[in-house]
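A.B. asks: Quick one, start19.cif (mmCIF, C-alpha atoms):
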```
data_protein
loop_
_atom_site.group_PDB
_atom_site.id
_atom_site.type_symbol
_atom_site.label_atom_id
_atom_site.label_comp_id
_atom_site.auth_asym_id
_atom_site.auth_seq_id
_atom_site.Cartn_x
_atom_site.Cartn_y
_atom_site.Cartn_z
ATOM 1 C CA MET A 10 98.822 93.042 102.840
ATOM 2 C CA SER A 11 98.240 94.852 99.576
ATOM 3 C CA PRO A 12 99.904 98.255 99.149
ATOM 4 C CA LEU A 13 96.481 99.593 98.131
ATOM 5 C CA ALA A 14 95.213 98.819 101.631
ATOM 6 C CA ARG A 15 97.196 101.775 102.977
ATOM 7 C CA PRO A 16 95.162 105.007 102.807
ATOM 8 C CA VAL A 17 98.143 107.171 101.768
ATOM 9 C CA VAL A 18 98.956 104.978 98.776
ATOM 10 C CA ARG A 19 95.299 104.639 97.859
ATOM 11 C CA TRP A 20 94.701 108.408 97.957
ATOM 12 C CA SER A 21 97.860 109.093 95.938
ATOM 13 C CA ILE A 22 96.790 106.680 93.246
ATOM 14 C CA LEU A 23 93.243 108.061 93.249
ATOM 15 C CA VAL A 24 94.509 111.629 92.810
ATOM 16 C CA SER A 25 96.801 110.627 89.937
ATOM 17 C CA LEU A 26 94.092 108.590 88.185
ATOM 18 C CA TRP A 27 91.546 111.393 88.440
ATOM 19 C CA ALA A 28 94.189 113.863 87.194
ATOM 20 C CA LEU A 29 94.699 111.588 84.190
ATOM 21 C CA VAL A 30 90.949 111.476 83.527
ATOM 22 C CA VAL A 31 90.710 115.280 83.768
ATOM 23 C CA ALA A 32 93.693 115.685 81.396
ATOM 24 C CA VAL A 33 92.120 113.317 78.860
ATOM 25 C CA LEU A 34 88.808 115.158 79.037
ATOM 26 C CA TRP A 35 90.641 118.466 78.617
ATOM 27 C CA ILE A 36 92.459 117.209 75.493
ATOM 28 C CA LEU A 37 89.155 115.947 74.080
ATOM 29 C CA LEU A 38 87.508 119.286 74.789
ATOM 30 C CA VAL A 39 90.320 121.165 73.026
ATOM 31 C CA GLN A 40 90.143 118.797 70.030
ATOM 32 C CA VAL A 41 86.375 119.263 69.717
ATOM 33 C CA PHE A 42 86.769 123.034 70.104
ATOM 34 C CA LEU A 43 89.399 123.161 67.331
ATOM 35 C CA LEU A 44 87.270 120.951 65.131
ATOM 36 C CA ALA A 45 84.236 123.200 65.639
ATOM 37 C CA LEU A 46 86.181 126.376 64.836
ATOM 38 C CA ASN A 47 87.847 125.080 61.678
ATOM 39 C CA PRO A 48 85.453 125.137 58.700
ATOM 40 C CA PHE A 49 87.950 123.442 56.366
ATOM 41 C CA CYS A 50 88.408 120.204 58.274
ATOM 42 C CA HIS A 51 86.776 116.873 57.712
ATOM 43 C CA ALA A 52 86.753 113.661 59.664
ATOM 44 C CA GLN A 53 88.646 110.708 58.281
ATOM 45 C CA TRP A 54 88.880 107.082 59.254
ATOM 46 C CA PRO A 55 91.865 106.456 61.542
ATOM 47 C CA GLY A 56 94.333 103.845 60.470
ATOM 48 C CA VAL A 57 97.807 102.409 60.784
ATOM 49 C CA ALA A 58 99.903 101.357 57.804
ATOM 50 C CA SER A 59 103.414 100.263 56.952
ATOM 51 C CA VAL A 60 104.708 102.298 54.008
ATOM 52 C CA GLN A 61 107.903 102.736 52.029
ATOM 53 C CA VAL A 62 109.173 106.309 51.643
ATOM 54 C CA ARG A 63 109.715 107.451 48.048
ATOM 55 C CA SER A 64 110.551 111.127 48.519
ATOM 56 C CA VAL A 65 110.327 113.997 50.996
ATOM 57 C CA ASP A 66 109.229 117.333 49.511
ATOM 58 C CA ARG A 67 109.023 120.745 51.168
ATOM 59 C CA ASP A 68 105.645 122.434 51.493
ATOM 60 C CA VAL A 69 106.393 126.091 50.810
ATOM 61 C CA ASP A 70 102.881 127.168 51.827
ATOM 62 C CA SER A 71 103.089 125.665 55.328
ATOM 63 C CA GLN A 72 105.464 126.257 58.202
ATOM 64 C CA ILE A 73 104.184 123.162 60.022
ATOM 65 C CA THR A 74 103.991 120.332 57.467
ATOM 66 C CA ASP A 75 105.908 118.809 54.572
ATOM 67 C CA PHE A 76 104.816 116.376 51.868
ATOM 68 C CA VAL A 77 106.085 112.811 51.934
ATOM 69 C CA THR A 78 105.413 110.525 48.972
ATOM 70 C CA VAL A 79 105.129 106.886 50.034
ATOM 71 C CA LYS A 80 104.313 103.549 48.471
ATOM 72 C CA HIS A 81 101.513 101.717 50.262
ATOM 73 C CA GLY A 82 101.060 98.307 48.684
ATOM 74 C CA ASP A 83 100.884 98.996 44.945
ATOM 75 C CA ALA A 84 99.561 102.545 45.251
ATOM 76 C CA GLU A 85 101.417 105.759 45.945
ATOM 77 C CA ARG A 86 100.150 108.236 48.527
ATOM 78 C CA VAL A 87 101.158 111.751 49.466
ATOM 79 C CA LEU A 88 101.213 112.289 53.226
ATOM 80 C CA ARG A 89 101.308 115.528 55.233
ATOM 81 C CA LEU A 90 103.756 114.974 58.085
ATOM 82 C CA SER A 91 105.217 117.532 60.450
ATOM 83 C CA LYS A 92 108.492 119.079 59.304
ATOM 84 C CA ALA A 93 110.438 117.426 62.139
ATOM 85 C CA GLU A 94 109.101 113.940 61.335
ATOM 86 C CA ALA A 95 109.557 114.418 57.593
ATOM 87 C CA ALA A 96 113.184 115.513 58.070
ATOM 88 C CA GLU A 97 113.973 112.208 59.805
ATOM 89 C CA LEU A 98 112.763 110.138 56.824
ATOM 90 C CA HIS A 99 114.972 108.895 54.010
ATOM 91 C CA PRO A 100 113.990 107.428 50.615
ATOM 92 C CA GLU A 101 113.471 103.637 50.518
ATOM 93 C CA GLU A 102 112.905 103.565 54.300
ATOM 94 C CA GLU A 103 110.065 101.455 55.756
ATOM 95 C CA VAL A 104 108.027 103.299 58.413
ATOM 96 C CA TRP A 105 104.756 102.865 60.242
ATOM 97 C CA ILE A 106 102.330 105.762 59.990
ATOM 98 C CA LEU A 107 99.216 106.717 61.919
ATOM 99 C CA ASP A 108 96.361 108.559 60.225
ATOM 100 C CA ALA A 109 94.818 111.360 62.254
ATOM 101 C CA TRP A 110 91.082 111.241 62.953
ATOM 102 C CA TYR A 111 90.503 114.517 61.118
ATOM 103 C CA ALA A 112 92.275 116.384 58.337
ATOM 104 C CA ASP A 113 92.574 120.071 57.566
ATOM 105 C CA GLY A 114 95.048 122.257 55.729
ATOM 106 C CA LEU A 115 96.876 123.374 58.863
ATOM 107 C CA ARG A 116 97.994 120.374 60.855
ATOM 108 C CA PRO A 117 99.571 117.075 59.779
ATOM 109 C CA THR A 118 97.127 114.418 58.672
ATOM 110 C CA GLN A 119 99.577 111.567 59.300
ATOM 111 C CA PHE A 120 102.178 110.924 61.974
ATOM 112 C CA ARG A 121 104.899 108.396 62.613
ATOM 113 C CA LEU A 122 103.480 105.634 64.770
ATOM 114 C CA THR A 123 104.687 105.993 68.359
ATOM 115 C CA LEU A 124 102.966 105.299 71.635
ATOM 116 C CA LEU A 125 103.040 108.978 72.592
ATOM 117 C CA ARG A 126 101.459 109.997 69.284
ATOM 118 C CA VAL A 127 98.709 107.391 69.641
ATOM 119 C CA LEU A 128 97.924 108.654 73.133
ATOM 120 C CA LEU A 129 97.918 112.293 72.001
ATOM 121 C CA GLU A 130 95.734 111.661 68.964
ATOM 122 C CA TYR A 131 93.400 109.190 70.661
ATOM 123 C CA PRO A 132 93.481 110.074 74.377
ATOM 124 C CA VAL A 133 90.237 108.172 74.967
ATOM 125 C CA LEU A 134 92.383 105.027 75.015
ATOM 126 C CA LEU A 135 93.848 106.247 78.318
ATOM 127 C CA LEU A 136 90.427 106.082 79.934
ATOM 128 C CA LEU A 137 90.498 102.264 79.799
ATOM 129 C CA PRO A 138 93.535 101.808 82.082
ATOM 130 C CA ALA A 139 92.274 104.676 84.257
ATOM 131 C CA ALA A 140 88.919 102.919 84.677
ATOM 132 C CA TRP A 141 90.709 99.652 85.500
ATOM 133 C CA GLY A 142 92.881 101.464 88.083
ATOM 134 C CA LEU A 143 89.854 103.126 89.692
ATOM 135 C CA TRP A 144 88.135 99.738 89.885
ATOM 136 C CA ARG A 145 91.195 98.172 91.567
ATOM 137 C CA VAL A 146 91.448 101.012 94.103
ATOM 138 C CA ARG A 147 87.736 100.763 94.875
ATOM 139 C CA LYS A 148 88.014 97.000 95.322
ATOM 140 C CA ALA A 149 91.021 97.419 97.655
ATOM 141 C CA LYS A 150 89.187 100.073 99.690
ATOM 142 C CA ARG A 151 86.139 97.850 100.065
ATOM 143 C CA LYS A 152 88.363 95.002 101.200
ATOM 144 C CA ALA A 153 90.229 97.224 103.679
ATOM 145 C CA ASP A 154 86.993 98.681 105.061
ATOM 146 C CA ALA A 155 85.352 95.292 105.511
ATOM 147 C CA ALA A 156 84.926 94.058 109.044
ATOM 148 C CA PRO A 157 88.007 92.246 110.226
ATOM 149 C CA PRO A 158 87.621 88.505 110.360
ATOM 150 C CA PRO A 159 86.806 87.081 113.760
ATOM 151 C CA PRO A 160 89.885 86.201 115.768
ATOM 152 C CA VAL A 161 91.058 82.648 115.553
ATOM 153 C CA ARG A 162 89.951 80.881 118.700
ATOM 154 C CA ARG A 163 92.320 78.245 119.823
ATOM 155 C CA THR A 164 90.810 75.504 121.944
ATOM 156 C CA PHE A 165 93.253 73.498 123.900
ATOM 157 C CA THR A 166 92.331 69.863 124.222
ATOM 158 C CA ASP A 167 94.108 69.517 127.563
ATOM 159 C CA ASP A 168 92.625 72.417 129.476
ATOM 160 C CA PHE A 169 91.747 72.426 133.158
ATOM 161 C CA HIS A 170 88.434 70.576 132.875
ATOM 162 C CA LEU A 171 89.722 67.780 130.696
ATOM 163 C CA ARG A 172 92.680 67.294 133.016
ATOM 164 C CA ALA A 173 90.368 67.131 136.014
ATOM 165 C CA GLN A 174 88.226 64.506 134.303
ATOM 166 C CA ARG A 175 91.243 62.460 133.451
ATOM 167 C CA PHE A 176 92.498 62.309 137.009
ATOM 168 C CA ALA A 177 89.087 62.008 138.662
ATOM 169 C CA LYS A 178 88.242 58.760 140.461
ATOM 170 C CA PRO A 179 85.756 56.679 138.601
ATOM 171 C CA GLU A 180 82.281 56.705 140.094
ATOM 172 C CA PRO A 181 81.186 53.395 141.637
ATOM 173 C CA GLU A 182 78.370 51.882 139.744
ATOM 174 C CA THR A 183 75.188 51.767 141.751
ATOM 175 C CA GLU A 184 71.998 50.134 140.842
ATOM 176 C CA LYS A 185 69.577 52.545 139.487
ATOM 177 C CA LYS A 186 66.095 52.309 140.770
ATOM 178 C CA GLU A 187 63.476 52.629 138.179
ATOM 179 C CA ASP A 188 60.940 55.274 138.848
ATOM 180 C CA PRO A 189 57.364 54.032 138.952
ATOM 181 C CA PRO A 190 55.347 55.222 136.016
ATOM 182 C CA ARG A 191 53.645 58.443 136.734
ATOM 183 C CA MET A 192 50.027 58.757 136.248
ATOM 184 C CA ASN A 193 48.676 61.453 134.119
ATOM 185 C CA PRO A 194 45.914 63.405 135.979
ATOM 186 C CA ASP A 195 43.872 63.550 132.784
ATOM 187 C CA GLU A 196 43.589 59.764 132.669
ATOM 188 C CA HIS A 197 41.587 59.486 135.934
ATOM 189 C CA GLY A 198 38.456 60.700 134.336
#
```
Would you encode the structure as structure tokens?
C.D. replies:
Amino acid sequence: MSPLARPVVRWSILVSLWALVVAVLWILLVQVFLLALNPFCHAQWPGVASVQVRSVDRDVDSQITDFVTVKHGDAERVLRLSKAEAAELHPEEEVWILDAWYADGLRPTQFRLTLLRVLLEYPVLLLLPAAWGLWRVRKAKRKADAAPPPPVRRTFTDDFHLRAQRFAKPEPETEKKEDPPRMNPDEHG
């Protein structure tokens, strides 16, 4: 029996999945709200790239971000990473970066690529496993609520009647008299 067939497990999973969906929608609402309030931001195409760090420079105008100069292919780029992430980088180090979906002068426009950062920047991706989980729970509930299969009926081949027939005396053969053909009353005319 599937663990999802138990109502307690099913309800626990349903509550956690719906909590995840509500959290994702809340994060999206906050992101849209911040985007609407900030007149200096612009949307940018998200991306992932492997870069080589050239230098890490302090941004004296910001308490949140620092500048990191990197080499991406043949071109050099200047990234705005958070101070904590920039402090962990060293020159000539290869790192993977994630571009944010919008840029402004306040928050970092790039991040180090981690699963947590991807989920925080693009929480819509969490709706896919949540939808799959809700589908599985619904399927398990439908299966558990379905009518139980009919009980297996076991027929014994040597029950009382068959045993009686086996030990019964054979009937003597008697001549059968043929019945005369009956006349149909409609044929008498």
A.B. asks: Hey, could you make a per-residue contact list for segment 35-66 of chain A against segment 108-132 of chain A with 7 Å as the cut-off, showing the nearest pair of atoms and its distance in Å to one decimal, counting only C-alpha atoms, sorted by chain and number, as a tab-separated table?
C.D. replies:
```
residue	atom	partner	partner_atom	distance
A:Phe49	CA	A:Asp113	CA	5.8
A:Cys50	CA	A:Asp113	CA	4.2
A:His51	CA	A:Ala112	CA	5.6
A:Ala52	CA	A:Tyr111	CA	4.1
A:Gln53	CA	A:Tyr111	CA	5.1
A:Trp54	CA	A:Trp110	CA	6.0
A:Pro55	CA	A:Trp110	CA	5.0
A:Gly56	CA	A:Asp108	CA	5.1
A:Val57	CA	A:Asp108	CA	6.3
```
A.B. asks: Please compute the atom CA of Arg86 of chain A-atom CA of Gln72 of chain A distance, one decimal, in Å.
C.D. replies: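 Separating atom CA of Arg86 of chain A from atom CA of Gln72 of chain A is a distance of 21.1 Å.
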A.B. asks: For Pro12 of chain A, which residue among A:Arg175, A:Arg89, A:Arg162, A:Arg145 is the nearest when counting all atoms listed in the file?
C.D. replies: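 Going through A:Arg175, A:Arg89, A:Arg162, A:Arg145 one by one, the smallest distance to Pro12 of chain A is for A:Arg145.
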A.B. asks: Which is closer to Leu13 of chain A than all the others in A:Val146, A:Val62, A:Val161, A:Val133, using all atoms listed in the file?
C.D. replies: A:Val146
A.B. asks: When the PyMOL selection byres ((chain A and resi 29) around 12) is applied to the file above, which residues end up in the set, as an MDAnalysis selection string?
C.D. replies: chainID A and resid 22:28 30:36 128 132:140 142:143
A.B. asks: For the selection just defined, write its residues with C-alpha atoms to a file, as a short mmCIF file (atom, residue, chain, number, x, y, z; two decimals), keeping the file's coordinate frame.
C.D. replies:
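Dumped everything to out.cif:
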```cif
data_model
loop_
_atom_site.label_atom_id
_atom_site.label_comp_id
_atom_site.auth_asym_id
_atom_site.auth_seq_id
_atom_site.Cartn_x
_atom_site.Cartn_y
_atom_site.Cartn_z
CA ILE A 22 96.79 106.68 93.25
CA LEU A 23 93.24 108.06 93.25
CA VAL A 24 94.51 111.63 92.81
CA SER A 25 96.80 110.63 89.94
CA LEU A 26 94.09 108.59 88.18
CA TRP A 27 91.55 111.39 88.44
CA ALA A 28 94.19 113.86 87.19
CA VAL A 30 90.95 111.48 83.53
CA VAL A 31 90.71 115.28 83.77
CA ALA A 32 93.69 115.68 81.40
CA VAL A 33 92.12 113.32 78.86
CA LEU A 34 88.81 115.16 79.04
CA TRP A 35 90.64 118.47 78.62
CA ILE A 36 92.46 117.21 75.49
CA LEU A 128 97.92 108.65 73.13
CA PRO A 132 93.48 110.07 74.38
CA VAL A 133 90.24 108.17 74.97
CA LEU A 134 92.38 105.03 75.02
CA LEU A 135 93.85 106.25 78.32
CA LEU A 136 90.43 106.08 79.93
CA LEU A 137 90.50 102.26 79.80
CA PRO A 138 93.54 101.81 82.08
CA ALA A 139 92.27 104.68 84.26
CA ALA A 140 88.92 102.92 84.68
CA GLY A 142 92.88 101.46 88.08
CA LEU A 143 89.85 103.13 89.69
#
```
A.B. asks: Within 9 Å of Glu101 of chain A, counting only C-alpha atoms, which residues qualify if same-chain residues fewer than 3 places away don't, as a PyMOL selection string?
C.D. replies: chain A and resi 61-64+79
A.B. asks: One number please: atom CA of Leu107 of chain A to atom CA of Ser91 of chain A, in Å, one decimal.
C.D. replies: 12.5 Å
